[in-house]
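Note sheet for the following structure.
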Number of protein chains: 6
Amino acid sequence: MPETTQERLRLGADVILRLNNGVPQTTLKNMREEFPFLADATQAYALGDVWTRPGLDDRTRQLAAVAAFAAMGERGLMKIHAGYALNVGVTEDELKEIVYMITVPAGFPKAILASQTMSELFEERRNAIGGSGQ
Amino acid sequence: MPETTQERLRLGADVILRLNNGVPQTTLKNMREEFPFLADATQAYALGDVWTRPGLDDRTRQLAAVAAFAAMGERGLMKIHAGYALNVGVTEDELKEIVYMITVPAGFPKAILASQTMSELFEERRNAIGGSGQ
Amino acid sequence: MPETTQERLRLGADVILRLNNGVPQTTLKNMREEFPFLADATQAYALGDVWTRPGLDDRTRQLAAVAAFAAMGERGLMKIHAGYALNVGVTEDELKEIVYMITVPAGFPKAILASQTMSELFEERRNAIGGSGQ
Amino acid sequence: MPETTQERLRLGADVILRLNNGVPQTTLKNMREEFPFLADATQAYALGDVWTRPGLDDRTRQLAAVAAFAAMGERGLMKIHAGYALNVGVTEDELKEIVYMITVPAGFPKAILASQTMSELFEERRNAIGGSGQ
Amino acid sequence: MPETTQERLRLGADVILRLNNGVPQTTLKNMREEFPFLADATQAYALGDVWTRPGLDDRTRQLAAVAAFAAMGERGLMKIHAGYALNVGVTEDELKEIVYMITVPAGFPKAILASQTMSELFEERRNAIGGSGQ
Amino acid sequence: MPETTQERLRLGADVILRLNNGVPQTTLKNMREEFPFLADATQAYALGDVWTRPGLDDRTRQLAAVAAFAAMGERGLMKIHAGYALNVGVTEDELKEIVYMITVPAGFPKAILASQTMSELFEERRNAIGGSGQ
């Protein structure tokens with residue numbers, strides 16, 4: 001782990017910018033106002049300590065994280081991390097394979113919910129691209 | 001999906017041999033005696049249909065599956081699939097990174113249980129190698 | 001299991017028509033566009049293989065499935081299968097007994113969520129009947 | 001609900017004797033020593049209030065309860081209630097169908113754990129019959 | 001436990017009035033129409049039997065209950081019980097500490113969901129106070 | 001949060017000594033050998049950052065944590081934290097009240113498992129006291 005909390009927070013902020021196409025994370029910003037420690041813990045621990053570890057490349061970590069969120073039925077964070085996955089070069093088809101795989105450890109309802117959440121994500125990204133003139 | 005159930009079962013058997021170093025899966029064999037449909041479903045659907053899909057390589061699928069099992073606290077299947085992961089070239093260090101990552105989506109108890117199960121697995125494999133004459 | 005994938009898909013389609021009053025399943029149709037393997041797996045495995053097995057009658061399987069979905073907090077699929085249950089002759093009162101029973105294995109929040117979802121379902125079905133000419 | 005707590009406790013005791021072949025429940029007796037309210041709540045509420053309700057017959061309620069326990073991975077109570085199910089005339093084959101069905105809402109690990117727990121139960125009951133001289 | 005069901009229901013009604021600032025619980029009233037046993041069980045067992053036990057003071061029981069609901073991702077009941085907690089003198093800051101603590105047993109998604117639900121609750125209470133003329 | 005990782009680790013070590021009667025935590029020591037980051041994260045984040053926060057006293061935090069672990073069925077960590085609770089002055093009777101309360105959010109199996117784990121803990125502590133000559 002980095003030696004100072006300041007450095008850990010900075011690394012977490014860098015991870016978000018790298019995964020989120022250079023844009024700060026809205027969920028995190030909203031949390032900071034009323035739940036500052038949770039925002040700091042997410043940024044310094046989850047992103048700064050865990051997500052910067054060198055042992056897994058971004059693609060593999062995002063795919064494994066999406067699998068974990070989907071298996072637990074955590075739609076909100078699954079959507080955020082599936083978006084990060086696409087931003088670092090994972091394809092829609094690879095995310096679909098994670099959804100298919102999830103039927104085995106977690107059953108069909110979790111996979112179906114994940115498929116619906118991903119369809120929303122894919123649609124939003126298409127609209128965002130369309131809206132910016134392409 | 002393959003066209004016949006026979007073919008799906010054959011593909012599932014091939015997957016096990018590939019992931020399990022050429023050895024049939026004991027859990028599956030025990031299940032077959034009293035729960036034959038569950039054994040067939042595991043072999044034909046989970047392994048034959050899902051695990052043979054081309055969209056993810058073996059390493060990535062095993063890491064994502066281990067993440068899902070660990071996040072759900074499914075120690076038995078996590079151990080089996082972590083063993084498969086090692087058999088297809090995933091390193092112990094990569095599995096440890098999955099455990100570390102699991103603290104974020106699923107909390108510390110699930111990560112601690114996963115670390116204990118993996119320590120057992122690593123130990124068993126070292127003993128098995130030692131026992132076979134090294 | 002049936003010998004061919006084609007036959008399994010056909011059996012799954014038959015199950016839906018039988019449980020859903022002769023009407024195709026909307027959720028499944030929407031899924032097929034972007035997640036074709038999940039739609040096929042639901043139809044061929046979940047419905048074609050599992051739901052056509054002769055060992056349980058439709059009523060008992062639907063009540064047990066509703067209990068499983070309710071205990072897990074899977075509102076979407078619980079609602080679909082509670083609707084199927086009503087279509088094959090289960091009464092609203094029997095579904096309510098499942099909800100009451102769920103307090104024991106899964107606690108009060110899961111039972112309360114299930115009661116709210118079932119109230120929505122009962123209401124929708126009353127409106128649908130009213131809307132079709134009464 | 002019955003009017004007095006005394007009556008509810010008596011009804012709960014009757015349910016146990018009916019489901020458990022006339023033998024008091026060991027788990028409940030052990031609990032009573034250190035956790036008396038939990039033993040009373042299980043007997044008066046879970047068994048006396050819920051399990052005596054007339055809207056479901058014993059067989060259906062046991063099958064639905066086994067499905068709920070299995071879907072949640074609650075091996076201990078699933079085993080107890082699967083035993084009760086056999087005692088009121090459910091067959092081993094019907095319990096196996098519940099296990100097969102559980103792959104759909106809850107995935108393969110929960111179904112495999114349930115199959116292993118049921119195999120233990122079936123074996124124990126065969127040994128108990130053998131041990132009593134048959 | 002109290003000797004009669006009538007007394008247990010009365011105690012449960014008293015608990016609600018004490019925790020809910022003298023106002024009956026809407027969720028419970030809505031439930032009673034179609035799911036009367038669930039409403040009675042919630043009132044007589046959950047509130048009348050459990051919530052009136054003398055071994056924990058109101059503040060501690062509410063904080064522990066909020067922790068349990070948050071760890072399980074039960075947003076609806078967590079919000080109701082967090083509101084009760086505020087009504088019996090727990091501060092917003094103490095509720096925030098429960099949310100922070102939840103990252104450890106249950107991971108970041110459950111804590112983030114709890115923080116969002118609590119922000120809604122805090123906002124609603126501020127608006128309600130504002131709306132009544134302050 | 002403290003400014004340096006060194007300080008956070010030191011605070012976490014202090015928390016363990018305070019909660020565990022001056023004795024280092026065995027689980028944590030075993031983890032450190034093969035999963036050093038998980039041991040550091042538990043010590044620096046879970047214990048150093050979260051468990052040292054001033055907003056809740058030790059008793060309340062331990063009771064809320066035990067409730068969360070019990071509701072999730074996390075027996076190992078529930079036992080450790082129930083032991084810490086006893087060490088900081090919580091009584092066995094207060095822990096039993098948490099178990100009784102857990103039937104409401106999480107159902108009877110989770111409460112029964114928690115009661116069994118606590119009975120083990122109470123017994124071990126009595127034996128330990130007896131074994132040290134009293």
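Every chain in the structure tokens has a letter given in the order shown (A, B, ...), and although residue numbers restart at 1 in each chain, ligands are simply numbered from 1 in the order shown.
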
> When the cut-off is 12 Å and we count only C-alpha atoms, which residues of chain A are near chain C, given as a PyMOL selection string?
Replying inline: chain A and resi 72-73+92-104+106-120+122-123

Create the file for the chosen residues now, containing N, CA and C atoms and written as a compact mmCIF listing (two decimals), in the first residue's frame.
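Written file, part34.txt:
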```txt
# COMPACT_ATOMS: atom_id res chain seq x y z
N MET A 72 -24.14 -11.25 -7.31
CA MET A 72 -24.76 -10.77 -6.08
C MET A 72 -26.03 -9.96 -6.35
N GLY A 73 -26.35 -9.73 -7.61
CA GLY A 73 -27.53 -8.94 -7.93
C GLY A 73 -27.36 -7.45 -7.67
N GLU A 92 -18.74 -5.56 -25.91
CA GLU A 92 -20.09 -5.94 -25.46
C GLU A 92 -20.23 -7.46 -25.45
N ASP A 93 -19.66 -8.11 -26.44
CA ASP A 93 -19.78 -9.57 -26.51
C ASP A 93 -19.11 -10.26 -25.32
N GLU A 94 -18.00 -9.73 -24.85
CA GLU A 94 -17.36 -10.33 -23.68
C GLU A 94 -18.23 -10.15 -22.44
N LEU A 95 -18.84 -8.98 -22.29
CA LEU A 95 -19.76 -8.78 -21.16
C LEU A 95 -20.94 -9.74 -21.23
N LYS A 96 -21.43 -9.97 -22.43
CA LYS A 96 -22.54 -10.94 -22.58
C LYS A 96 -22.11 -12.34 -22.13
N GLU A 97 -20.86 -12.69 -22.42
CA GLU A 97 -20.38 -14.01 -21.99
C GLU A 97 -20.36 -14.11 -20.46
N ILE A 98 -20.01 -13.02 -19.79
CA ILE A 98 -20.07 -13.02 -18.32
C ILE A 98 -21.50 -13.27 -17.85
N VAL A 99 -22.45 -12.61 -18.48
CA VAL A 99 -23.86 -12.81 -18.13
C VAL A 99 -24.27 -14.26 -18.33
N TYR A 100 -23.86 -14.85 -19.45
CA TYR A 100 -24.23 -16.25 -19.70
C TYR A 100 -23.60 -17.15 -18.63
N MET A 101 -22.36 -16.89 -18.31
CA MET A 101 -21.65 -17.70 -17.31
C MET A 101 -22.34 -17.63 -15.94
N ILE A 102 -22.90 -16.47 -15.63
CA ILE A 102 -23.51 -16.24 -14.31
C ILE A 102 -24.70 -17.17 -14.04
N THR A 103 -25.35 -17.69 -15.09
CA THR A 103 -26.44 -18.66 -14.86
C THR A 103 -25.95 -19.85 -14.04
N VAL A 104 -24.70 -20.21 -14.18
CA VAL A 104 -24.19 -21.42 -13.50
C VAL A 104 -23.97 -21.17 -12.01
N ALA A 106 -25.00 -18.57 -10.14
CA ALA A 106 -26.01 -17.76 -9.43
C ALA A 106 -27.44 -17.95 -9.92
N GLY A 107 -27.66 -18.75 -10.95
CA GLY A 107 -29.02 -19.00 -11.42
C GLY A 107 -29.50 -18.00 -12.46
N PHE A 108 -30.70 -18.27 -12.99
CA PHE A 108 -31.22 -17.49 -14.11
C PHE A 108 -31.72 -16.09 -13.72
N PRO A 109 -32.33 -15.89 -12.54
CA PRO A 109 -32.80 -14.51 -12.26
C PRO A 109 -31.67 -13.50 -12.23
N LYS A 110 -30.54 -13.85 -11.62
CA LYS A 110 -29.40 -12.92 -11.57
C LYS A 110 -28.88 -12.65 -12.98
N ALA A 111 -28.83 -13.67 -13.83
CA ALA A 111 -28.35 -13.46 -15.19
C ALA A 111 -29.32 -12.60 -15.99
N ILE A 112 -30.62 -12.82 -15.78
CA ILE A 112 -31.62 -12.04 -16.51
C ILE A 112 -31.57 -10.57 -16.07
N LEU A 113 -31.49 -10.34 -14.76
CA LEU A 113 -31.34 -8.95 -14.28
C LEU A 113 -30.08 -8.30 -14.87
N ALA A 114 -28.99 -9.05 -14.89
CA ALA A 114 -27.74 -8.50 -15.44
C ALA A 114 -27.91 -8.18 -16.92
N SER A 115 -28.63 -9.04 -17.64
CA SER A 115 -28.81 -8.79 -19.08
C SER A 115 -29.64 -7.52 -19.29
N GLN A 116 -30.66 -7.33 -18.43
CA GLN A 116 -31.49 -6.13 -18.58
C GLN A 116 -30.70 -4.85 -18.25
N THR A 117 -29.87 -4.93 -17.22
CA THR A 117 -29.05 -3.78 -16.84
C THR A 117 -28.03 -3.46 -17.94
N MET A 118 -27.45 -4.50 -18.51
CA MET A 118 -26.48 -4.26 -19.59
C MET A 118 -27.15 -3.70 -20.83
N SER A 119 -28.37 -4.17 -21.14
CA SER A 119 -29.08 -3.61 -22.29
C SER A 119 -29.31 -2.11 -22.10
N GLU A 120 -29.69 -1.72 -20.87
CA GLU A 120 -29.82 -0.29 -20.57
C GLU A 120 -28.51 0.46 -20.82
N PHE A 122 -25.90 -0.43 -22.71
CA PHE A 122 -25.52 -0.37 -24.12
C PHE A 122 -26.33 0.72 -24.82
N GLU A 123 -27.61 0.77 -24.50
CA GLU A 123 -28.52 1.76 -25.11
C GLU A 123 -28.10 3.20 -24.74
```

>> Give me, as an NGL selection string, the residues of region 16-89 of chain F that a backbone DSSP run labels alpha helix (DSSP H).
In response: :F and (16-19 or 26-34 or 36-41 or 58-72 or 75-87)

>> Just want the 7 Å neighbourhood of region 1-6 of chain F, counted on only C-alpha atoms, with same-chain residues fewer than 5 positions away dropped. Output as a list in words.
In response: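 Here the qualifying residues turn out to be Glu3, Thr4 and Thr5 of chain A; Asp49 of chain F.
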
Selection above as a file: N, CA and C atoms, as a PDB file, in the first residue's frame:
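Wrote again16.pdb, looks like this:
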```
ATOM      1  N   GLU A   3       2.245   4.906   1.037  1.00  0.00           N
ATOM      2  CA  GLU A   3       2.563   5.270   2.417  1.00  0.00           C
ATOM      3  C   GLU A   3       1.631   6.282   3.060  1.00  0.00           C
ATOM      4  N   THR A   4       1.038   7.164   2.241  1.00  0.00           N
ATOM      5  CA  THR A   4       0.162   8.181   2.844  1.00  0.00           C
ATOM      6  C   THR A   4      -1.266   8.096   2.304  1.00  0.00           C
ATOM      7  N   THR A   5      -2.200   8.554   3.109  1.00  0.00           N
ATOM      8  CA  THR A   5      -3.614   8.572   2.730  1.00  0.00           C
ATOM      9  C   THR A   5      -3.818   9.515   1.559  1.00  0.00           C
TER      10      THR A   5
ATOM     11  N   ASP F  49      -9.186   2.106  10.155  1.00  0.00           N
ATOM     12  CA  ASP F  49     -10.017   3.223   9.696  1.00  0.00           C
ATOM     13  C   ASP F  49     -11.429   3.161  10.291  1.00  0.00           C
TER      14      ASP F  49
END
```

For region 19-23 of chain C, work out the shell of residues within 7 Å, counting only C-alpha atoms and skipping chain neighbours fewer than 5 positions away, then give it as a PDB file with N, CA and C atoms, in the first residue's frame.
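Final file, part.pdb:
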```pdb
ATOM      1  N   TYR C  84     -48.029 -17.638 -13.543  1.00  0.00           N
ATOM      2  CA  TYR C  84     -48.168 -18.989 -14.106  1.00  0.00           C
ATOM      3  C   TYR C  84     -48.959 -19.878 -13.141  1.00  0.00           C
ATOM      4  N   ASN C  87     -52.482 -19.332 -13.418  1.00  0.00           N
ATOM      5  CA  ASN C  87     -52.974 -19.857 -14.698  1.00  0.00           C
ATOM      6  C   ASN C  87     -53.201 -21.373 -14.681  1.00  0.00           C
ATOM      7  N   VAL C  88     -52.456 -22.094 -13.827  1.00  0.00           N
ATOM      8  CA  VAL C  88     -52.645 -23.554 -13.802  1.00  0.00           C
ATOM      9  C   VAL C  88     -53.519 -23.984 -12.621  1.00  0.00           C
TER      10      VAL C  88
END
```

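Our summary of the geometry notes that CA of Ile16 (chain C) is positioned 27.1 Å from CA of Gly55 (chain D).
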
> Using only C-alpha atoms, which residues sit within 10 Å of Asp14 (chain B) once same-chain residues fewer than 6 positions away are excluded, as a list in words?
Replying inline: Arg8, Asn20, Gly22, Pro24, Gln43, Leu47, Gly48 and Thr52 of chain B
